[in-house]
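Pasting query-v9.txt here (compact mmCIF, C-alpha atoms):
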# COMPACT_ATOMS: atom_id res chain seq x y z
CA MET A 1465 0.00 0.00 0.00
CA SER A 1466 1.02 3.57 -0.47
CA LYS A 1467 -0.30 6.72 1.20
CA THR A 1468 0.69 10.35 0.91
CA ILE A 1469 1.23 12.26 4.14
CA ARG A 1470 2.69 15.50 5.42
CA LEU A 1471 4.78 15.60 8.60
CA THR A 1472 6.31 18.38 10.64
CA PRO A 1473 9.57 18.02 12.58
CA GLU A 1474 7.46 17.85 15.76
CA ASP A 1475 5.51 14.84 14.38
CA VAL A 1476 8.56 12.67 13.67
CA LYS A 1477 9.03 11.12 17.12
CA HIS A 1478 5.38 10.05 17.38
CA PHE A 1479 5.34 8.74 13.80
CA VAL A 1480 8.52 6.67 14.30
CA ASP A 1481 7.27 5.34 17.66
CA VAL A 1482 4.05 4.03 16.10
CA ALA A 1483 5.81 2.70 12.97
CA SER A 1484 8.38 0.87 15.11
CA LYS A 1485 5.64 -1.20 16.72
CA CYS A 1486 4.58 -2.65 13.34
CA ASP A 1487 5.89 -6.08 12.36
CA PHE A 1488 6.26 -5.19 8.67
CA ASP A 1489 8.59 -2.94 6.67
CA ILE A 1490 7.61 0.70 6.18
CA ASP A 1491 9.41 3.09 3.84
CA ILE A 1492 9.01 6.81 3.33
CA CYS A 1493 9.88 8.18 -0.09
CA TYR A 1494 10.54 11.69 -1.32
CA ASN A 1495 11.88 12.16 -4.84
CA ARG A 1496 14.64 9.56 -5.11
CA TYR A 1497 15.23 9.23 -1.37
CA VAL A 1498 13.83 6.19 0.44
CA VAL A 1499 14.23 5.88 4.20
CA ASP A 1500 13.13 3.35 6.78
CA ALA A 1501 10.12 4.82 8.60
CA LYS A 1502 11.34 3.19 11.81
CA SER A 1503 14.53 5.29 11.76
CA PHE A 1504 14.22 8.60 13.61
CA LEU A 1505 17.29 10.11 11.92
CA GLY A 1506 16.21 8.87 8.50
CA VAL A 1507 12.74 10.39 8.77
CA TYR A 1508 13.98 13.56 10.44
CA GLY A 1509 16.35 14.16 7.51
CA LEU A 1510 13.51 14.45 4.98
CA ASP A 1511 12.13 17.68 3.50
CA PHE A 1512 8.96 18.41 5.49
CA THR A 1513 7.80 21.12 3.09
CA LYS A 1514 6.85 18.44 0.53
CA PRO A 1515 4.37 15.57 0.60
CA LEU A 1516 5.89 12.23 1.58
CA SER A 1517 4.88 8.83 0.24
CA VAL A 1518 4.60 6.00 2.76
CA SER A 1519 4.88 2.46 1.36
CA TYR A 1520 4.12 -0.63 3.43
CA ASP A 1521 2.82 -4.16 3.13
CA GLY A 1522 0.96 -5.02 6.30
CA TYR A 1523 -1.80 -3.85 8.61
CA ASN A 1524 -1.81 -2.31 12.07
CA ASP A 1525 -4.82 -0.40 13.47
CA LYS A 1526 -2.75 2.27 15.22
CA PHE A 1527 -0.55 2.81 12.18
CA GLU A 1528 -3.59 3.14 9.89
CA GLU A 1529 -5.06 5.73 12.28
CA LEU A 1530 -1.75 7.60 12.28
CA LEU A 1531 -1.72 7.68 8.47
CA ARG A 1532 -5.28 9.03 8.42
CA GLN A 1533 -4.19 11.76 10.85
CA TYR A 1534 -1.33 12.89 8.59
CA ALA A 1535 -2.98 12.16 5.21
CA ILE A 1536 -3.23 14.81 2.53
CA ALA A 1537 -5.32 14.87 -0.62
CA CYS A 1538 -3.32 14.39 -3.80
Can you present the structure in this file as structure tokens?
Amino acid sequence: MSKTIRLTPEDVKHFVDVASKCDFDIDICYNRYVVDAKSFLGVYGLDFTKPLSVSYDGYNDKFEELLRQYAIAC
């Protein structure tokens, strides 16, 4: 699955905490950069002025709720 979200630097810790509790891989993509969504430094190094694409292949209720919270319309 893939969802488009927007984060702020203040959101990163909470996002990574929730993503880290998932038992499947989660990547965040921006342009040609792909980072592990469970890596605080990786996510924090992204450009927060642009929409970010989250790719994952699994399901977790709390993670889905988090994505809805940060979702943007494309």
Please return the centre and edge lengths, in Å to one decimal, of a box with edges along x, y and z that contains all listed atoms of range 1472-1478 of chain A, widened by 8 Å on every side, as lines of an AutoDock Vina configuration file.
center_x = 7.5
center_y = 14.2
center_z = 14.0
size_x = 20.2
size_y = 24.3
size_z = 22.7
Worksheet item: So, counting all atoms listed in the file, which residue among A:Met1465, A:Ala1537, A:Leu1530, A:Val1507 is closest to Phe1488 in chain A?
Response: A:Met1465
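Excluding Ala1501 in chain A itself and any same-chain residue fewer than 2 positions from it, the protein and nucleic acid residues within 7 Å of it, counting all atoms listed in the file, are Val1480, Ala1483, Ile1490, Asp1491, Ile1492, Val1499, Ser1503 and Val1507 of chain A.
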Counting only C-alpha atoms, give me one row per residue of range 1473-1517 of chain A with an atom at most 7 Å from an atom of range 1466-1469 of chain A, showing the shortest contact pair and its distance in Å to one decimal, sorted by chain then residue number, as a tab-separated table.
residue	atom	partner	partner_atom	distance
A:Pro1515	CA	A:Ile1469	CA	5.8
A:Leu1516	CA	A:Ile1469	CA	5.3
A:Ser1517	CA	A:Thr1468	CA	4.5
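Closest approach to Lys1485 in chain A among A:Thr1513, A:Ser1519, A:Thr1472, A:Asn1524: A:Asn1524, based on all atoms listed in the file.
Of the residues under consideration (A:Val1518, A:Ala1535, A:Val1482, A:Leu1471), A:Val1518 shows the shortest atom-to-atom contact distance to Tyr1497 in chain A when counting all atoms listed in the file.
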Polymer residues at most 10 Å from Asp1481 in chain A, all atoms listed in the file, same-chain spacing of 5 or more positions, as a compact mmCIF listing (two decimals) with C-alpha atoms, keeping the file's coordinate frame:
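As written to disk, result06.txt reads:
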# COMPACT_ATOMS: atom_id res chain seq x y z
CA VAL A 1476 8.56 12.67 13.67
CA CYS A 1486 4.58 -2.65 13.34
CA ALA A 1501 10.12 4.82 8.60
CA LYS A 1502 11.34 3.19 11.81
CA SER A 1503 14.53 5.29 11.76
CA PHE A 1504 14.22 8.60 13.61
CA PHE A 1527 -0.55 2.81 12.18
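Between CA of Asp1487 in chain A and CA of Ile1536 in chain A the separation is 24.8 Å.
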Fill in: Interatomic distance, CA of Ser1484 in chain A to CA of Phe1512 in chain A (Å, one decimal)
20.0 Å
Worksheet item: To one decimal place, how far is CA of Asp1525 in chain A from CA of Arg1496 in chain A in Å?
Response: 28.7 Å
Fill in: Nearest-residue call for Asp1500 in chain A, choices A:Asp1475, A:Arg1470, A:Arg1532, A:Tyr1520, using all atoms listed in the file
A:Tyr1520
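In terms of minimum interatomic distance to Cys1493 in chain A, A:Gly1509 ranks closest within A:Gly1509, A:His1478, A:Glu1529, A:Pro1473, counting all atoms listed in the file.
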Please write a file for range 1496-1511 of chain A, taken from the block I just shared, that holds N, CA and C atoms and is laid out as a PDB file, in the first residue's frame.
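So the final result, stored in selection31.pdb, reads:
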ATOM      1  N   ARG A1496      13.906  10.821  -4.974  1.00  0.00           N
ATOM      2  CA  ARG A1496      14.643   9.557  -5.112  1.00  0.00           C
ATOM      3  C   ARG A1496      15.126   9.003  -3.777  1.00  0.00           C
ATOM      4  N   TYR A1497      14.813   9.667  -2.693  1.00  0.00           N
ATOM      5  CA  TYR A1497      15.231   9.226  -1.368  1.00  0.00           C
ATOM      6  C   TYR A1497      14.203   8.267  -0.772  1.00  0.00           C
ATOM      7  N   VAL A1498      14.679   7.156  -0.258  1.00  0.00           N
ATOM      8  CA  VAL A1498      13.835   6.190   0.435  1.00  0.00           C
ATOM      9  C   VAL A1498      14.478   5.925   1.791  1.00  0.00           C
ATOM     10  N   VAL A1499      13.702   6.119   2.857  1.00  0.00           N
ATOM     11  CA  VAL A1499      14.233   5.878   4.197  1.00  0.00           C
ATOM     12  C   VAL A1499      13.310   4.922   4.948  1.00  0.00           C
ATOM     13  N   ASP A1500      13.877   4.245   5.902  1.00  0.00           N
ATOM     14  CA  ASP A1500      13.133   3.353   6.784  1.00  0.00           C
ATOM     15  C   ASP A1500      12.303   4.218   7.744  1.00  0.00           C
ATOM     16  N   ALA A1501      10.996   4.011   7.754  1.00  0.00           N
ATOM     17  CA  ALA A1501      10.115   4.818   8.600  1.00  0.00           C
ATOM     18  C   ALA A1501      10.319   4.544  10.083  1.00  0.00           C
ATOM     19  N   LYS A1502      11.075   3.511  10.417  1.00  0.00           N
ATOM     20  CA  LYS A1502      11.343   3.193  11.813  1.00  0.00           C
ATOM     21  C   LYS A1502      12.642   3.832  12.294  1.00  0.00           C
ATOM     22  N   SER A1503      13.283   4.621  11.431  1.00  0.00           N
ATOM     23  CA  SER A1503      14.533   5.294  11.756  1.00  0.00           C
ATOM     24  C   SER A1503      14.272   6.777  12.013  1.00  0.00           C
ATOM     25  N   PHE A1504      14.457   7.200  13.266  1.00  0.00           N
ATOM     26  CA  PHE A1504      14.222   8.600  13.611  1.00  0.00           C
ATOM     27  C   PHE A1504      15.093   9.528  12.763  1.00  0.00           C
ATOM     28  N   LEU A1505      16.388   9.233  12.681  1.00  0.00           N
ATOM     29  CA  LEU A1505      17.289  10.110  11.924  1.00  0.00           C
ATOM     30  C   LEU A1505      16.959  10.105  10.439  1.00  0.00           C
ATOM     31  N   GLY A1506      16.577   8.947   9.906  1.00  0.00           N
ATOM     32  CA  GLY A1506      16.210   8.871   8.498  1.00  0.00           C
ATOM     33  C   GLY A1506      15.001   9.735   8.187  1.00  0.00           C
ATOM     34  N   VAL A1507      13.966   9.612   8.990  1.00  0.00           N
ATOM     35  CA  VAL A1507      12.736  10.389   8.767  1.00  0.00           C
ATOM     36  C   VAL A1507      12.988  11.863   9.032  1.00  0.00           C
ATOM     37  N   TYR A1508      13.726  12.166  10.085  1.00  0.00           N
ATOM     38  CA  TYR A1508      13.978  13.564  10.437  1.00  0.00           C
ATOM     39  C   TYR A1508      14.782  14.291   9.358  1.00  0.00           C
ATOM     40  N   GLY A1509      15.529  13.560   8.558  1.00  0.00           N
ATOM     41  CA  GLY A1509      16.346  14.160   7.512  1.00  0.00           C
ATOM     42  C   GLY A1509      15.588  14.485   6.233  1.00  0.00           C
ATOM     43  N   LEU A1510      14.295  14.182   6.185  1.00  0.00           N
ATOM     44  CA  LEU A1510      13.507  14.449   4.977  1.00  0.00           C
ATOM     45  C   LEU A1510      13.072  15.913   4.904  1.00  0.00           C
ATOM     46  N   ASP A1511      12.627  16.320   3.729  1.00  0.00           N
ATOM     47  CA  ASP A1511      12.129  17.679   3.502  1.00  0.00           C
ATOM     48  C   ASP A1511      10.650  17.723   3.889  1.00  0.00           C
TER      49      ASP A1511
END
